[in-house]
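Here is the structure we will look at, set down as structure tokens.
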Amino acid sequence: MKEQNYGSWAFIIGVVLAMVLGLFGNFIELSIQTLISYLLVVIGLVVGFYNMNQKEAVNFLIVAIALMTVGAAGLQTLPIVGDIVKPILTYIIAFVAPAALVMGLKALYDLSYKK
């Protein structure tokens with residue numbers, strides 16, 4: 001299996017896990033939620049290390065910034081929709097933030113050593 005495939009599968013698994021945990025987190029025991037949250041961080045790191053080329057990095061970092069901004073915007077104040085979307089965004093951010101950190105550091109490294 002190619003490295004790109006690892007990153008692609010990790011991304012799909014991370015998004016699905018984040019959405020499932022966001023939708024059904026109230027029905028899952030807290031210790032299992034915590035374990036899955038740590039798993040999301042690890043999967044995010046895998047995505048950051050394996051899904052990186054110059055063209056994708058900028059787009060991914062922009063999307064990561066947008067997701068983190070929307071997640072911090074206080075969506076829980078919206079009636080009904082906010083209660084559903086807020087936990088999903090919280091877990092997606094837990095997944096995307098480590099990937100964005102790795103991709104950002106790699107992009108910074110590439111920029112600093114470009115001749």
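Each chain of the structure tokens is named A, B, ... in the order shown, its residues numbered from 1; ligands are numbered from 1 in display order.
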
List every residue of segment 6-105 of chain A that DSSP, applied to the backbone, labels as alpha helix (DSSP H), and write the result as a PyMOL selection string.
-> chain A and resi 6-24+30-50+54-71+81-105

Keeping only C-alpha atoms, write those residues as a short mmCIF file (atom, residue, chain, number, x, y, z; two decimals), in the first residue's frame.
data_model
loop_
_atom_site.label_atom_id
_atom_site.label_comp_id
_atom_site.auth_asym_id
_atom_site.auth_seq_id
_atom_site.Cartn_x
_atom_site.Cartn_y
_atom_site.Cartn_z
CA TYR A 6 -2.36 5.38 4.26
CA GLY A 7 -3.02 9.09 4.55
CA SER A 8 -6.23 8.92 2.54
CA TRP A 9 -7.60 6.04 4.60
CA ALA A 10 -6.55 7.74 7.82
CA PHE A 11 -8.38 10.90 6.73
CA ILE A 12 -11.59 9.00 5.92
CA ILE A 13 -11.44 7.05 9.19
CA GLY A 14 -10.78 10.24 11.16
CA VAL A 15 -13.72 12.12 9.65
CA VAL A 16 -16.09 9.18 10.15
CA LEU A 17 -14.95 8.67 13.76
CA ALA A 18 -15.30 12.38 14.50
CA MET A 19 -18.80 12.49 13.04
CA VAL A 20 -19.95 9.33 14.84
CA LEU A 21 -18.53 10.53 18.15
CA GLY A 22 -20.04 13.96 17.63
CA LEU A 23 -23.48 12.56 16.85
CA PHE A 24 -23.59 9.73 19.37
CA LEU A 30 -16.80 9.00 28.95
CA SER A 31 -13.67 6.82 29.12
CA ILE A 32 -14.39 5.50 25.62
CA GLN A 33 -14.98 9.05 24.36
CA THR A 34 -11.60 10.05 25.77
CA LEU A 35 -9.90 7.06 24.16
CA ILE A 36 -11.48 7.85 20.78
CA SER A 37 -10.44 11.50 21.16
CA TYR A 38 -6.82 10.43 21.64
CA LEU A 39 -7.20 8.12 18.65
CA LEU A 40 -8.44 11.09 16.59
CA VAL A 41 -5.31 13.05 17.52
CA VAL A 42 -3.07 10.14 16.47
CA ILE A 43 -4.98 9.70 13.20
CA GLY A 44 -4.63 13.45 12.61
CA LEU A 45 -0.87 13.13 13.01
CA VAL A 46 -0.83 10.26 10.51
CA VAL A 47 -2.78 12.39 8.04
CA GLY A 48 -0.34 15.25 8.54
CA PHE A 49 2.69 13.05 7.91
CA TYR A 50 1.35 11.09 4.95
CA GLN A 54 2.87 21.61 -1.68
CA LYS A 55 -0.43 22.10 -3.52
CA GLU A 56 -2.58 20.31 -0.93
CA ALA A 57 -0.89 21.87 2.09
CA VAL A 58 -2.13 25.42 1.53
CA ASN A 59 -5.71 24.32 0.86
CA PHE A 60 -5.72 21.99 3.87
CA LEU A 61 -4.35 24.69 6.17
CA ILE A 62 -7.00 27.17 4.98
CA VAL A 63 -9.75 24.64 5.62
CA ALA A 64 -8.27 23.84 9.04
CA ILE A 65 -8.28 27.52 9.98
CA ALA A 66 -11.89 27.86 8.78
CA LEU A 67 -13.01 24.81 10.79
CA MET A 68 -11.28 26.02 13.94
CA THR A 69 -12.82 29.47 13.54
CA VAL A 70 -16.31 28.08 13.00
CA GLY A 71 -15.84 25.70 15.93
CA VAL A 81 -28.77 22.89 14.82
CA GLY A 82 -26.08 24.21 17.15
CA ASP A 83 -26.56 21.33 19.58
CA ILE A 84 -25.97 18.86 16.74
CA VAL A 85 -23.17 20.64 14.86
CA LYS A 86 -21.06 21.79 17.84
CA PRO A 87 -19.94 18.33 19.07
CA ILE A 88 -19.25 17.17 15.52
CA LEU A 89 -17.04 20.22 14.88
CA THR A 90 -15.32 19.74 18.23
CA TYR A 91 -14.20 16.23 17.30
CA ILE A 92 -13.35 17.17 13.72
CA ILE A 93 -11.13 19.94 15.09
CA ALA A 94 -9.49 17.43 17.46
CA PHE A 95 -8.70 15.39 14.34
CA VAL A 96 -7.71 18.23 11.98
CA ALA A 97 -5.60 20.33 14.39
CA PRO A 98 -2.70 17.83 14.70
CA ALA A 99 -2.70 17.31 10.93
CA ALA A 100 -2.63 21.09 10.42
CA LEU A 101 0.24 21.40 12.89
CA VAL A 102 2.34 18.80 11.05
CA MET A 103 1.47 20.19 7.61
CA GLY A 104 2.17 23.73 8.74
CA LEU A 105 5.56 22.79 10.15
#
